[in-house]
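Let me begin by presenting the structure, written as structure tokens, before commenting on it.
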Amino acid sequence: MTTAPSAGPATTPVSTSLRAKLAGVTRRRAERDAAEDAADRSILSGHDRRRRGVRASMSGVHVFLFVGLVIAGLGPLLWLAKAAVTPTQDTLSQPFALWPNGIDWANLEQAWNDVHIDQYFLNTLYVAAGSWFFQLLVATTAGYALSVLRPRYAPILNGLVLATLFIPAVVLLVPLYLTILHVPVIDVSLLNSYWAVWLPAAANAFNILLVKRFFDSLPREVFEAARTDGAGPFRVFWSIVLPMSKPILGVVSVFAVIAAWKDFLWPLLVLPDPAVQPLSVRLPAVQSQTELDVFLAALAISTIIPVVLFLIFQRLFLRGAGLGGAVKG
Amino acid sequence: MTMTPTTTDAPPPASAPAPPHAASARPKRSRRRTPMTWLRGGGLWNLAFLAPMLIVFGVFSWWPIARAFVMSFQETNLVSPPTWVWFDNFARVLSDPNLGTAVLNTAYFAALALVFGFPLPIIMAVLMSEVRRGKGLYSALAYLPVVVPPVVAVLLWKVFYNASPDGVFNTVLGWVGIPPQPWLQSSATAMPSLVIEATWAAAGGSIIIYLAALIAVPPELYDAAEVDGAGIWRKIWHVTLPQLRGILFIMLILQIIGTAQVFLEPYLFTGGGPNNATLTVLLLIYRYAFQNSLGGDYGEATALSLMLAIFLGILSWLYFKLTDRWSTN
């Protein structure tokens, strides 16, 4: 009956055990998905569902869920879309009227050109693309070394990586900032350079944990067979391990791009030059000098890409969300 | 666990300590380790694959973490070399009259977020798991706010919170006869306003996690409860909630850890005002380090972030000890 407290949170590290549990939940979900036809039931039984009171309540639940979720989930976005092409005066005096004085398409153009959303958009793309590349590079190479090559010092490194999961991000804020100002060994400042965002993002222990776990589950015989055929470590990595790991690479990619798109405080600190700042940093900064309708148009433009990506890759997002909850820690 | 000949089935995923030579091609010869055997065993390849991780973690994770401990005992500024001041930073932080305000505000935010934000996703997920049709649509709608970049969400809600009677939320309140609220403008309503937005932004992620956990509840348990004559409410109370217990415990502590580090909402909505009513611990750290007219007080900022981290560490440790005892009973 109890939900696996025997996994022993007291002895194992806190966040590792909870991540294992979350992973367990998603795995079990996948198994249940497969078996769903066999036993498709939840709290309500078929018998319950045929009772009149329950049927009426379930209709009520449907109405509540639909209305509530449309208002809360879609409502603000629809309002933003409307306000983006509405003159400021109308938005301020009648926020819910549908274009009493006509549609102002010029807002979008002004936001794109005059507020330089185009430039900041491009900067956001740079930030996201670089973070994605370096996170994948570090996670896959480290995962391969720790899971497949496994030198004798691997457990120590593994422990050092996992240990960083326990350190709340706030502890790193100031020392990492000073490190960016003066990178040890090479004696340069990375201020205003995208490296300052990309490289710290790549030092992500959770990615390594995810990828290493996945590599651990790959069949060893395939590697052995490739080695007997004369494939070197790089060949095994590139032609065997990576192609077999597309699912986990997809999850890590989604996490990486979303995190880069959302990040605010770190780029604010290390990219003080407006010319290189991404949208998340620029939007609050331009608010005071921008007319409300143009500003709302800028917000709308900044929302479109992630929302469209979500609608296209819905499954990947929602599957990753189960694991994504664990990133918060 | 011992050296296995080439024709074996898949070895267990490496939860158990693996033999150190498992990956090397000719394990029998490497009894005595010399640089030559290291090289032949692929030592260089191991290092090559580990290099990205070692560099990135070394410079941007391990080094700053170590530095945080040193810096909290030092007076650090960008001009002169750091000097040891031992516990002065901690003493100065603890005697800062703003610290008490910040701690209380952060606790208030966390408490409100628990009241508003913790039960809501559970209820939504239970309802969504019971409906037969439209589950995909509901999940997508619920997750939509999570996809909106947090900065955009806050700036949009700032418009919603317009305190004039024609503001978006005040208009809605007017429809049901409630007088206009000051929202972000008054110290009494500012913090609840922040929490409502934060709940809106985060609920979707939790809903998806709970949905996954609900699907993993074994249906036989409900069958068994029905045989014992349990109605719908008793099934929820005696089957669903106990089955979700593990994930509920984890989500609760994760939420507390997350809300204790809230930054974006107070920074962008109110900047800590009105009258320091939304000054949080992270905002105070940010002020020490980056908004100080006398130059960054990096030592104080690091000292406060370490104190926060240690507090959270002790809290989670106590929490897991406590919940572990409850779980096993």
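Residues are referred to by chain and number: the chain letter is A, B, ... according to the order shown in the structure tokens, the number counts from 1 in that chain, and ligands are numbered separately from 1 in the order shown.
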Need the shell around segment 163-173 of chain A: protein/DNA/RNA residues with any atom at most 7 Å away, counting only C-alpha atoms. Skip same-chain ones fewer than 2 positions apart. Format as an mmCIF file with C-alpha atoms, in the first residue's frame?
```cif
data_model
loop_
_atom_site.group_PDB
_atom_site.id
_atom_site.type_symbol
_atom_site.label_atom_id
_atom_site.label_comp_id
_atom_site.auth_asym_id
_atom_site.auth_seq_id
_atom_site.Cartn_x
_atom_site.Cartn_y
_atom_site.Cartn_z
ATOM 1 C CA GLY A 159 29.445 11.947 -7.046
ATOM 2 C CA LEU A 160 30.931 15.384 -7.610
ATOM 3 C CA VAL A 161 28.405 16.057 -10.375
ATOM 4 C CA PRO A 175 30.639 33.726 -7.074
ATOM 5 C CA LEU A 176 29.638 32.649 -10.585
ATOM 6 C CA TYR A 177 29.179 36.286 -11.564
ATOM 7 C CA ALA A 205 24.044 17.964 -13.389
ATOM 8 C CA PRO B 64 32.185 28.989 -7.740
ATOM 9 C CA ILE B 65 30.653 26.698 -5.108
ATOM 10 C CA ALA B 68 31.070 30.858 -2.123
ATOM 11 C CA THR B 302 27.201 35.360 -0.408
ATOM 12 C CA SER B 305 22.736 33.064 0.236
ATOM 13 C CA LEU B 306 24.724 30.494 2.225
ATOM 14 C CA ALA B 309 20.920 27.386 1.517
#
```
Name the residues of segment 180-239 of chain A that come out as alpha helix (DSSP H) in a backbone DSSP run; write them as a PDB file with C-alpha atoms, in the first residue's frame.
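Output saved as part06.pdb:
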```pdb
ATOM      1  CA  ILE A 180      32.474  35.443 -15.360  1.00  0.00           C
ATOM      2  CA  LEU A 181      34.103  38.811 -14.692  1.00  0.00           C
ATOM      3  CA  TRP A 195      29.748  32.248 -23.571  1.00  0.00           C
ATOM      4  CA  ALA A 196      28.806  33.662 -20.163  1.00  0.00           C
ATOM      5  CA  VAL A 197      25.311  32.223 -20.630  1.00  0.00           C
ATOM      6  CA  TRP A 198      26.138  29.092 -22.607  1.00  0.00           C
ATOM      7  CA  LEU A 199      28.852  27.568 -20.464  1.00  0.00           C
ATOM      8  CA  PRO A 200      27.214  27.908 -17.018  1.00  0.00           C
ATOM      9  CA  ALA A 201      24.029  26.492 -18.558  1.00  0.00           C
ATOM     10  CA  ALA A 202      26.028  23.496 -19.736  1.00  0.00           C
ATOM     11  CA  ALA A 205      24.044  17.964 -13.389  1.00  0.00           C
ATOM     12  CA  PHE A 206      20.453  16.983 -14.021  1.00  0.00           C
ATOM     13  CA  ASN A 207      21.125  16.596 -17.762  1.00  0.00           C
ATOM     14  CA  ILE A 208      24.083  14.333 -17.052  1.00  0.00           C
ATOM     15  CA  LEU A 209      21.996  12.295 -14.626  1.00  0.00           C
ATOM     16  CA  LEU A 210      19.219  11.831 -17.200  1.00  0.00           C
ATOM     17  CA  VAL A 211      21.571  10.948 -20.050  1.00  0.00           C
ATOM     18  CA  LYS A 212      23.753   8.646 -17.952  1.00  0.00           C
ATOM     19  CA  ARG A 213      20.705   6.748 -16.700  1.00  0.00           C
ATOM     20  CA  PHE A 214      19.550   6.302 -20.270  1.00  0.00           C
ATOM     21  CA  PHE A 215      22.985   5.126 -21.455  1.00  0.00           C
ATOM     22  CA  ASP A 216      23.084   2.692 -18.523  1.00  0.00           C
ATOM     23  CA  ARG A 220      26.093  -3.659 -23.576  1.00  0.00           C
ATOM     24  CA  GLU A 221      26.355  -6.484 -26.152  1.00  0.00           C
ATOM     25  CA  VAL A 222      25.923  -3.984 -28.966  1.00  0.00           C
ATOM     26  CA  PHE A 223      28.955  -2.033 -27.761  1.00  0.00           C
ATOM     27  CA  GLU A 224      30.960  -5.218 -27.334  1.00  0.00           C
ATOM     28  CA  ALA A 225      30.042  -6.341 -30.830  1.00  0.00           C
ATOM     29  CA  ALA A 226      31.074  -3.003 -32.271  1.00  0.00           C
ATOM     30  CA  ARG A 227      34.377  -3.157 -30.400  1.00  0.00           C
ATOM     31  CA  THR A 228      35.143  -6.625 -31.719  1.00  0.00           C
ATOM     32  CA  PRO A 233      35.428   4.716 -28.506  1.00  0.00           C
ATOM     33  CA  PHE A 234      34.474   7.670 -30.653  1.00  0.00           C
ATOM     34  CA  ARG A 235      32.884   5.484 -33.312  1.00  0.00           C
TER      35      ARG A 235
END
```
Long-range neighbours of Asn170 of chain B as a list in words, 10 Å cut-off, only C-alpha atoms, 5 positions minimum in chain: Phe160, Tyr161, Asn162, Ala163, Ser164, Pro165, Trp175, Ile178, Pro179, Pro180, Gln181, Pro182 and Trp183 of chain B
Go ahead and save the residues from that selection, with N, CA and C atoms, as a PDB file, in the first residue's frame.
```pdb
ATOM      1  N   PHE B 160      -2.787  43.489 -16.253  1.00  0.00           N
ATOM      2  CA  PHE B 160      -4.061  43.021 -15.682  1.00  0.00           C
ATOM      3  C   PHE B 160      -4.316  43.681 -14.331  1.00  0.00           C
ATOM      4  N   TYR B 161      -3.252  43.867 -13.565  1.00  0.00           N
ATOM      5  CA  TYR B 161      -3.384  44.372 -12.201  1.00  0.00           C
ATOM      6  C   TYR B 161      -3.530  45.892 -12.156  1.00  0.00           C
ATOM      7  N   ASN B 162      -3.694  46.529 -13.305  1.00  0.00           N
ATOM      8  CA  ASN B 162      -3.921  47.965 -13.351  1.00  0.00           C
ATOM      9  C   ASN B 162      -4.973  48.346 -12.307  1.00  0.00           C
ATOM     10  N   ALA B 163      -4.595  49.276 -11.411  1.00  0.00           N
ATOM     11  CA  ALA B 163      -5.438  49.547 -10.245  1.00  0.00           C
ATOM     12  C   ALA B 163      -6.601  50.484 -10.558  1.00  0.00           C
ATOM     13  N   SER B 164      -6.661  51.045 -11.777  1.00  0.00           N
ATOM     14  CA  SER B 164      -7.790  51.921 -12.091  1.00  0.00           C
ATOM     15  C   SER B 164      -9.056  51.074 -12.227  1.00  0.00           C
ATOM     16  N   PRO B 165     -10.235  51.695 -12.045  1.00  0.00           N
ATOM     17  CA  PRO B 165     -11.476  50.915 -12.146  1.00  0.00           C
ATOM     18  C   PRO B 165     -11.628  50.250 -13.513  1.00  0.00           C
ATOM     19  N   TRP B 175     -18.075  43.345 -12.712  1.00  0.00           N
ATOM     20  CA  TRP B 175     -19.201  42.549 -13.219  1.00  0.00           C
ATOM     21  C   TRP B 175     -19.945  41.848 -12.082  1.00  0.00           C
ATOM     22  N   ILE B 178     -17.934  43.661  -7.089  1.00  0.00           N
ATOM     23  CA  ILE B 178     -16.875  43.880  -6.100  1.00  0.00           C
ATOM     24  C   ILE B 178     -16.168  45.184  -6.445  1.00  0.00           C
ATOM     25  N   PRO B 179     -15.904  46.045  -5.466  1.00  0.00           N
ATOM     26  CA  PRO B 179     -15.239  47.326  -5.775  1.00  0.00           C
ATOM     27  C   PRO B 179     -13.810  47.100  -6.265  1.00  0.00           C
ATOM     28  N   PRO B 180     -13.256  48.073  -7.005  1.00  0.00           N
ATOM     29  CA  PRO B 180     -11.899  47.929  -7.546  1.00  0.00           C
ATOM     30  C   PRO B 180     -10.868  47.723  -6.433  1.00  0.00           C
ATOM     31  N   GLN B 181      -9.887  46.883  -6.720  1.00  0.00           N
ATOM     32  CA  GLN B 181      -8.827  46.597  -5.744  1.00  0.00           C
ATOM     33  C   GLN B 181      -7.547  47.338  -6.142  1.00  0.00           C
ATOM     34  N   PRO B 182      -6.705  47.690  -5.158  1.00  0.00           N
ATOM     35  CA  PRO B 182      -5.447  48.372  -5.504  1.00  0.00           C
ATOM     36  C   PRO B 182      -4.378  47.411  -6.033  1.00  0.00           C
ATOM     37  N   TRP B 183      -4.552  46.080  -5.891  1.00  0.00           N
ATOM     38  CA  TRP B 183      -3.604  45.080  -6.356  1.00  0.00           C
ATOM     39  C   TRP B 183      -2.180  45.396  -5.916  1.00  0.00           C
TER      40      TRP B 183
END
```
Non-local contacts of Leu184 of chain B (12 Å; only C-alpha atoms; under 5 positions in same chain excluded) as a PyMOL selection string: chain B and resi 154+157-164+169+189-197+265-266+268-275+277-278
Could you save the residues just selected, with C-alpha atoms, as an mmCIF file, in the first residue's frame?
```cif
data_model
loop_
_atom_site.group_PDB
_atom_site.id
_atom_site.type_symbol
_atom_site.label_atom_id
_atom_site.label_comp_id
_atom_site.auth_asym_id
_atom_site.auth_seq_id
_atom_site.Cartn_x
_atom_site.Cartn_y
_atom_site.Cartn_z
ATOM 1 C CA VAL B 154 4.645 38.908 -15.186
ATOM 2 C CA TRP B 157 -0.233 40.410 -15.402
ATOM 3 C CA LYS B 158 1.132 43.783 -14.417
ATOM 4 C CA VAL B 159 -1.242 45.211 -17.032
ATOM 5 C CA PHE B 160 -4.061 43.021 -15.682
ATOM 6 C CA TYR B 161 -3.384 44.372 -12.201
ATOM 7 C CA ASN B 162 -3.921 47.965 -13.351
ATOM 8 C CA ALA B 163 -5.438 49.547 -10.245
ATOM 9 C CA SER B 164 -7.790 51.921 -12.091
ATOM 10 C CA PHE B 169 -9.181 42.492 -13.227
ATOM 11 C CA THR B 189 -2.741 43.263 -1.496
ATOM 12 C CA ALA B 190 0.654 43.300 -3.242
ATOM 13 C CA MET B 191 1.891 39.937 -1.957
ATOM 14 C CA PRO B 192 -1.356 38.014 -2.619
ATOM 15 C CA SER B 193 -1.321 39.477 -6.139
ATOM 16 C CA LEU B 194 2.178 38.114 -6.691
ATOM 17 C CA VAL B 195 1.135 34.710 -5.391
ATOM 18 C CA ILE B 196 -1.915 34.518 -7.663
ATOM 19 C CA GLU B 197 0.245 35.118 -10.723
ATOM 20 C CA GLU B 265 7.788 38.190 -9.348
ATOM 21 C CA PRO B 266 8.814 40.679 -6.655
ATOM 22 C CA LEU B 268 9.465 42.713 -11.896
ATOM 23 C CA PHE B 269 6.065 43.402 -10.336
ATOM 24 C CA THR B 270 6.967 45.697 -7.483
ATOM 25 C CA GLY B 271 10.734 45.891 -7.088
ATOM 26 C CA GLY B 272 10.177 44.958 -3.443
ATOM 27 C CA GLY B 273 7.665 47.718 -2.753
ATOM 28 C CA PRO B 274 5.290 49.195 -1.840
ATOM 29 C CA ASN B 275 7.053 50.062 1.381
ATOM 30 C CA ALA B 277 5.991 44.766 1.462
ATOM 31 C CA THR B 278 7.312 42.377 -1.205
#
```
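Shortest atom-to-atom contact with chain A among B:Phe87, B:Tyr222, B:Tyr319, B:Tyr288: B:Tyr222, counting only C-alpha atoms.
Interatomic distance, atom CA of Gly143 of chain A to atom CA of Phe237 of chain A: 10.3 Å.
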Surrounding residues of segment 78-81 of chain B excluding itself and chain neighbours under 4 positions, 10 Å, only C-alpha atoms, as a PyMOL selection string: (chain A and resi 178+181) or (chain B and resi 74+295-298)
Contacts of Phe109 of chain B within 10 Å, only C-alpha atoms, excl. fewer than 2 positions in-chain, as an mmCIF file with N, CA and C atoms, in the first residue's frame:
```cif
data_model
loop_
_atom_site.group_PDB
_atom_site.id
_atom_site.type_symbol
_atom_site.label_atom_id
_atom_site.label_comp_id
_atom_site.auth_asym_id
_atom_site.auth_seq_id
_atom_site.Cartn_x
_atom_site.Cartn_y
_atom_site.Cartn_z
ATOM 1 N N VAL B 103 12.676 38.063 5.429
ATOM 2 C CA VAL B 103 12.385 36.687 5.831
ATOM 3 C C VAL B 103 10.889 36.503 6.028
ATOM 4 N N LEU B 104 10.261 37.473 6.727
ATOM 5 C CA LEU B 104 8.820 37.358 6.953
ATOM 6 C C LEU B 104 8.062 37.389 5.632
ATOM 7 N N ASN B 105 8.461 38.302 4.725
ATOM 8 C CA ASN B 105 7.776 38.372 3.432
ATOM 9 C C ASN B 105 7.922 37.075 2.658
ATOM 10 N N THR B 106 9.131 36.513 2.678
ATOM 11 C CA THR B 106 9.354 35.272 1.948
ATOM 12 C C THR B 106 8.504 34.151 2.546
ATOM 13 N N ALA B 107 8.448 34.107 3.886
ATOM 14 C CA ALA B 107 7.617 33.089 4.534
ATOM 15 C C ALA B 107 6.148 33.305 4.183
ATOM 16 N N ALA B 111 3.834 30.684 2.338
ATOM 17 C CA ALA B 111 2.611 30.193 2.970
ATOM 18 C C ALA B 111 1.407 30.414 2.057
ATOM 19 N N LEU B 112 1.302 31.619 1.487
ATOM 20 C CA LEU B 112 0.186 31.885 0.573
ATOM 21 C C LEU B 112 0.244 30.957 -0.637
ATOM 22 N N ALA B 113 1.451 30.734 -1.133
ATOM 23 C CA ALA B 113 1.596 29.874 -2.307
ATOM 24 C C ALA B 113 1.168 28.452 -1.969
ATOM 25 N N LEU B 114 1.406 28.027 -0.731
ATOM 26 C CA LEU B 114 0.947 26.693 -0.323
ATOM 27 C C LEU B 114 -0.576 26.650 -0.285
ATOM 28 N N VAL B 115 -1.180 27.691 0.301
ATOM 29 C CA VAL B 115 -2.638 27.691 0.456
ATOM 30 C C VAL B 115 -3.318 27.746 -0.905
ATOM 31 N N MET B 191 1.375 41.298 -2.021
ATOM 32 C CA MET B 191 1.891 39.937 -1.957
ATOM 33 C C MET B 191 0.892 38.908 -2.466
ATOM 34 N N PRO B 192 -0.394 38.962 -2.035
ATOM 35 C CA PRO B 192 -1.356 38.014 -2.619
ATOM 36 C C PRO B 192 -1.417 38.121 -4.138
ATOM 37 N N LEU B 194 1.014 38.834 -6.175
ATOM 38 C CA LEU B 194 2.178 38.114 -6.691
ATOM 39 C C LEU B 194 1.931 36.606 -6.657
ATOM 40 N N VAL B 195 1.334 36.148 -5.550
ATOM 41 C CA VAL B 195 1.135 34.710 -5.391
ATOM 42 C C VAL B 195 0.132 34.183 -6.414
ATOM 43 N N ALA B 198 1.938 33.770 -9.608
ATOM 44 C CA ALA B 198 2.893 32.663 -9.543
ATOM 45 C C ALA B 198 2.168 31.321 -9.595
ATOM 46 N N ILE B 256 8.237 24.425 -1.438
ATOM 47 C CA ILE B 256 8.765 25.289 -0.384
ATOM 48 C C ILE B 256 10.165 25.778 -0.764
ATOM 49 N N THR B 259 9.707 28.405 -3.560
ATOM 50 C CA THR B 259 9.148 29.698 -3.176
ATOM 51 C C THR B 259 10.091 30.448 -2.231
ATOM 52 N N ALA B 260 10.920 29.730 -1.483
ATOM 53 C CA ALA B 260 11.876 30.417 -0.610
ATOM 54 C C ALA B 260 12.887 31.205 -1.449
ATOM 55 N N VAL B 262 12.075 32.888 -4.302
ATOM 56 C CA VAL B 262 11.318 33.653 -5.294
ATOM 57 C C VAL B 262 12.041 34.969 -5.571
ATOM 58 N N THR B 278 7.018 43.574 -0.437
ATOM 59 C CA THR B 278 7.312 42.377 -1.205
ATOM 60 C C THR B 278 8.818 42.147 -1.324
ATOM 61 N N THR B 280 11.855 40.215 -0.767
ATOM 62 C CA THR B 280 12.117 38.825 -0.383
ATOM 63 C C THR B 280 13.617 38.631 -0.156
#
```
Which of B:Asn77, B:Leu99, B:Phe57, B:Ala216 sits closest to Val281 of chain B [using only C-alpha atoms]: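 Checking each of B:Asn77, B:Leu99, B:Phe57, B:Ala216 against Val281 of chain B, counting only C-alpha atoms, the winner is B:Leu99.
Atom pair atom CA of Gly204 of chain B / atom CA of Pro306 of chain A has a distance of 15.3 Å (rounded to one decimal).
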Segment 94-96 of chain A surroundings by only C-alpha atoms, 6 Å radius, close-in-sequence under 3 positions cut, as JSON, numbers by chain: {"A": [90, 91], "B": [168]}
For chain B, the nearest of the candidates A:Arg150, A:His182, A:Arg52, A:Arg315, counting only C-alpha atoms: A:Arg150
Set out as CSV a contact list for segment 77-158 of chain B and segment 290-302 of chain A with a cut-off of 9 Å, giving each residue of segment 77-158 of chain B that qualifies its closest atom pair and distance in Å to one decimal, counting only C-alpha atoms, ordered by chain and rising residue number.
```
residue,atom,partner,partner_atom,distance
B:Val148,CA,A:Ser302,CA,8.8
B:Pro149,CA,A:Ser302,CA,8.0
B:Val152,CA,A:Leu299,CA,5.9
B:Ala153,CA,A:Leu299,CA,8.7
B:Leu155,CA,A:Leu299,CA,8.1
B:Leu156,CA,A:Leu299,CA,7.6
```
Generate the output file for the selected residues, C-alpha atoms, as a PDB file, in the first residue's frame.
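Here's the written file result_29.pdb:
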```
ATOM      1  CA  VAL B 148       4.552  31.509 -21.659  1.00  0.00           C
ATOM      2  CA  PRO B 149       7.976  32.980 -20.812  1.00  0.00           C
ATOM      3  CA  VAL B 152       6.164  37.991 -20.399  1.00  0.00           C
ATOM      4  CA  ALA B 153       3.666  36.498 -17.948  1.00  0.00           C
ATOM      5  CA  LEU B 155       4.605  41.946 -17.471  1.00  0.00           C
ATOM      6  CA  LEU B 156       1.216  40.930 -18.867  1.00  0.00           C
TER       7      LEU B 156
END
```
Selected residue, from B:Val227, B:Val176, B:Leu244, B:Leu252, that lies nearest to chain A when counting only C-alpha atoms: B:Leu244
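In this comparison, which uses only C-alpha atoms, the residue of B:Ser95, B:Ala213, B:Gly100, B:Asn292 approaching chain A most closely is B:Ala213.
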